[in-house]
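Take a look at the structure set out below.
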Amino acid sequence: MRKANVVSKLRSWRWIHRFILIVGTLAILICIATLSKAYYLRFFLVTDTSSSCYSNSFTTHASTATEIKATIEIVVQKIQQEIDRMRDLPHESSSSESKHVSFLADILGLVESVKASLSRADGTAKQNGVVIHPLSGTNQETEEPAEYFLTEEIRKYVRIKPNRLKKQNFMGANGTFTSIGHACFSMKKQLEEYMEYDIGDICNDDWKLAQKLMVHGCDPLPRRRCFAKSPQYYTKPLPAIESMWKLPDDRNVRWSQYRCKNFTCLAKNTTQKGFFKCADCFNLDDHEWTRWIKPAYQDPNSNLTADFLIKEILDLKPSEIRIGLDFSVGTGTFAARMKEFNVTIVSAAINLGAPFNEFIALRGLIPLYLTINQRLPFFDNTLDLIHTTRFLDGWIDFVLLDFILYDWDRVLRPGGLLWIDSFFCLKEDLYDYLQIFKMLRYKKHKWIVVPKRDKSDDLEVFFSAVLEKPPRPFR
């Protein structure tokens, strides 16, 4: 009798143990299901609603949620089946203990499966800003750049902007993907200073900070929601013909960031103007007036020159040169001279110590505020001419020059001309640079190397060439 009571108590404890095991397992599954729901919903909140209307994102996360739900349903079914089976078993079954172990292993395996699914879902919703690109259609993970910055304006700018109609726009995109240069992340402090302003107010006079960011690779810069500061007493510009060869009104430029405070100072033959490249570019009457119209000889006793004249270059392709780019350090004189031949030239320039962009615009020409870090904003095979002088010289890295030349080749049309104007470098580097230019396999119209004699030594040379892009009809 006493033995029967002991057996009965053991059976009761065994059923209590089973009940606790089942309840505990259900509690774990409920917690997992709750977490999966929370993680799934966090995806829609993490980027300020920026990703909630992308159909591909919906599809990816919906499939993950369905997978989790299906797994949990299987777990519940197995638990229910085991409960029913255990009720039908005789109490004295000797194999119950091993079956309980097998049952527990099965449940744990399914729980691990749920955890793995949650990890995949969490890849797009965890707090470190990892998102799935809404156009990729894959589970490729990329870091959300907005989470890197503290300034709210940067965070708002770089976040993806979904289309309000929740469908693709006319460009075939589900949203707008505003971009900044990769070096902006290494210049976080300066960029946050640049983006610190009151919305709708006047921007700080900080163009020099902006240019520093651009030159060091934070290019493109983010847009700002403030009004650019204007000159205090701006006057209407001179008529087109008159403005081409006359110094503009000083009141049309903000001079606070320059050493010179007027154009007369810039036009003087002095070395204290705050820049050394193109030091005479603002002297329109003497230095600039004859450029590309008359050759400049370094040595009066010699006919050696690296200069080509505009007329002889245009005669290489009569009536074919209509539009082009001047990628140089200058004040737009090349564009002004080409305009006299009915050729439209866009002048790329940055304000290195002087208001080059303002000066070009006040001459009635088109400035393009562009650094060497940026891909040219022109489509393939569109320009008739690219001209460069005083910019790509012996300071430039060989690999960088390679990338630049390929980009120029991209925008030049077949039969277009590349005019390398007075490129200078050390004699010992000349061969390497020439090999890079030869790599283009352009037709040589003009090709000359002459000594550079503006210094006492004889270590540098000038190289000039006019090259024609081949048609390349192969596919």
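Ordering of the structure tokens sets the chain letters (A, B, ...), residue numbers begin anew at 1 in every chain, and ligands are numbered from 1 in the order given.
Across region 175-289 of chain A, DSSP run on the backbone finds alpha helix (DSSP H) at Lys188, Lys189, Gln190, Leu191, Glu192, Glu193, Tyr194, Trp207, Lys208, Leu209, Ala210, Gln211, Lys212, Leu213, Met214, Val215, Ala240, Ile241, Glu242, Ser243, Phe263, Thr264, Cys265, Leu266 and Ala267 of chain A.
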With N, CA and C atoms retained, export the selected residues as a PDB file, in the first residue's frame.
```pdb
ATOM      1  N   LYS A 188      33.346  64.902 -40.453  1.00  0.00           N
ATOM      2  CA  LYS A 188      32.051  65.035 -39.793  1.00  0.00           C
ATOM      3  C   LYS A 188      31.900  66.384 -39.084  1.00  0.00           C
ATOM      4  N   LYS A 189      32.922  66.798 -38.348  1.00  0.00           N
ATOM      5  CA  LYS A 189      32.837  68.035 -37.574  1.00  0.00           C
ATOM      6  C   LYS A 189      32.630  69.242 -38.490  1.00  0.00           C
ATOM      7  N   GLN A 190      33.415  69.309 -39.580  1.00  0.00           N
ATOM      8  CA  GLN A 190      33.292  70.444 -40.498  1.00  0.00           C
ATOM      9  C   GLN A 190      31.946  70.436 -41.224  1.00  0.00           C
ATOM     10  N   LEU A 191      31.480  69.240 -41.590  1.00  0.00           N
ATOM     11  CA  LEU A 191      30.196  69.163 -42.288  1.00  0.00           C
ATOM     12  C   LEU A 191      29.045  69.566 -41.368  1.00  0.00           C
ATOM     13  N   GLU A 192      29.101  69.141 -40.118  1.00  0.00           N
ATOM     14  CA  GLU A 192      28.049  69.526 -39.180  1.00  0.00           C
ATOM     15  C   GLU A 192      28.071  71.028 -38.913  1.00  0.00           C
ATOM     16  N   GLU A 193      29.260  71.614 -38.920  1.00  0.00           N
ATOM     17  CA  GLU A 193      29.345  73.080 -38.800  1.00  0.00           C
ATOM     18  C   GLU A 193      28.705  73.756 -40.018  1.00  0.00           C
ATOM     19  N   TYR A 194      28.974  73.195 -41.200  1.00  0.00           N
ATOM     20  CA  TYR A 194      28.403  73.747 -42.434  1.00  0.00           C
ATOM     21  C   TYR A 194      26.875  73.640 -42.445  1.00  0.00           C
ATOM     22  N   TRP A 207      31.321  79.988 -47.597  1.00  0.00           N
ATOM     23  CA  TRP A 207      31.630  79.309 -48.853  1.00  0.00           C
ATOM     24  C   TRP A 207      33.040  78.702 -48.812  1.00  0.00           C
ATOM     25  N   LYS A 208      33.925  79.341 -48.050  1.00  0.00           N
ATOM     26  CA  LYS A 208      35.292  78.825 -47.979  1.00  0.00           C
ATOM     27  C   LYS A 208      35.321  77.476 -47.266  1.00  0.00           C
ATOM     28  N   LEU A 209      34.514  77.315 -46.221  1.00  0.00           N
ATOM     29  CA  LEU A 209      34.382  76.030 -45.555  1.00  0.00           C
ATOM     30  C   LEU A 209      33.785  75.003 -46.516  1.00  0.00           C
ATOM     31  N   ALA A 210      32.787  75.425 -47.273  1.00  0.00           N
ATOM     32  CA  ALA A 210      32.159  74.520 -48.248  1.00  0.00           C
ATOM     33  C   ALA A 210      33.174  74.066 -49.292  1.00  0.00           C
ATOM     34  N   GLN A 211      33.991  74.985 -49.781  1.00  0.00           N
ATOM     35  CA  GLN A 211      34.991  74.626 -50.786  1.00  0.00           C
ATOM     36  C   GLN A 211      36.062  73.707 -50.198  1.00  0.00           C
ATOM     37  N   LYS A 212      36.427  73.942 -48.954  1.00  0.00           N
ATOM     38  CA  LYS A 212      37.393  73.057 -48.296  1.00  0.00           C
ATOM     39  C   LYS A 212      36.851  71.638 -48.219  1.00  0.00           C
ATOM     40  N   LEU A 213      35.570  71.513 -47.872  1.00  0.00           N
ATOM     41  CA  LEU A 213      34.934  70.198 -47.826  1.00  0.00           C
ATOM     42  C   LEU A 213      34.963  69.543 -49.202  1.00  0.00           C
ATOM     43  N   MET A 214      34.636  70.308 -50.244  1.00  0.00           N
ATOM     44  CA  MET A 214      34.592  69.776 -51.602  1.00  0.00           C
ATOM     45  C   MET A 214      35.973  69.319 -52.067  1.00  0.00           C
ATOM     46  N   VAL A 215      36.977  70.160 -51.853  1.00  0.00           N
ATOM     47  CA  VAL A 215      38.326  69.857 -52.317  1.00  0.00           C
ATOM     48  C   VAL A 215      38.877  68.602 -51.631  1.00  0.00           C
ATOM     49  N   ALA A 240      26.522  92.511 -72.431  1.00  0.00           N
ATOM     50  CA  ALA A 240      27.316  91.338 -72.800  1.00  0.00           C
ATOM     51  C   ALA A 240      28.621  91.702 -73.499  1.00  0.00           C
ATOM     52  N   ILE A 241      28.566  92.554 -74.500  1.00  0.00           N
ATOM     53  CA  ILE A 241      29.773  92.895 -75.272  1.00  0.00           C
ATOM     54  C   ILE A 241      30.761  93.663 -74.402  1.00  0.00           C
ATOM     55  N   GLU A 242      30.284  94.588 -73.614  1.00  0.00           N
ATOM     56  CA  GLU A 242      31.146  95.412 -72.778  1.00  0.00           C
ATOM     57  C   GLU A 242      31.749  94.621 -71.620  1.00  0.00           C
ATOM     58  N   SER A 243      30.978  93.694 -71.064  1.00  0.00           N
ATOM     59  CA  SER A 243      31.445  92.971 -69.877  1.00  0.00           C
ATOM     60  C   SER A 243      32.563  91.990 -70.179  1.00  0.00           C
ATOM     61  N   PHE A 263      38.655  94.200 -57.642  1.00  0.00           N
ATOM     62  CA  PHE A 263      39.240  93.643 -58.860  1.00  0.00           C
ATOM     63  C   PHE A 263      40.514  94.364 -59.278  1.00  0.00           C
ATOM     64  N   THR A 264      40.644  95.621 -58.917  1.00  0.00           N
ATOM     65  CA  THR A 264      41.860  96.357 -59.251  1.00  0.00           C
ATOM     66  C   THR A 264      43.063  95.728 -58.566  1.00  0.00           C
ATOM     67  N   CYS A 265      42.891  95.317 -57.322  1.00  0.00           N
ATOM     68  CA  CYS A 265      43.951  94.619 -56.586  1.00  0.00           C
ATOM     69  C   CYS A 265      44.300  93.304 -57.278  1.00  0.00           C
ATOM     70  N   LEU A 266      43.296  92.571 -57.739  1.00  0.00           N
ATOM     71  CA  LEU A 266      43.542  91.295 -58.408  1.00  0.00           C
ATOM     72  C   LEU A 266      44.276  91.476 -59.734  1.00  0.00           C
ATOM     73  N   ALA A 267      44.042  92.590 -60.407  1.00  0.00           N
ATOM     74  CA  ALA A 267      44.644  92.824 -61.719  1.00  0.00           C
ATOM     75  C   ALA A 267      46.077  93.335 -61.631  1.00  0.00           C
TER      76      ALA A 267
END
```
Inset, instruction - Could you give me, as number ranges by chain, the residues within 12 Å of Lys277 (chain A), counting only C-alpha atoms and dropping anything in the same chain fewer than 2 positions from it? - result: A: 271, 273-275, 279-282, 328-331, 350-354, 356, 389-393
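All residues of protein, DNA or RNA that reach within 9 Å of Ala335 (chain A), judged by only C-alpha atoms and not counting those fewer than 6 positions away in the chain, are Leu325, Asp326, Val343, Thr344, Ile345, Val346, Ser347, Leu365 and Ile366 of chain A.
The space separating CA of Ala465 (chain A) from CA of Pro377 (chain A) comes to 24.4 Å.
Between Asp286 (chain A) and the residues A:Tyr406, A:Lys246, A:Thr371, A:Ile180, the shortest atom-to-atom distance, using only C-alpha atoms, involves A:Lys246.
A straight line drawn from CA of Val253 (chain A) to CA of Pro231 (chain A) is 5.7 Å long.
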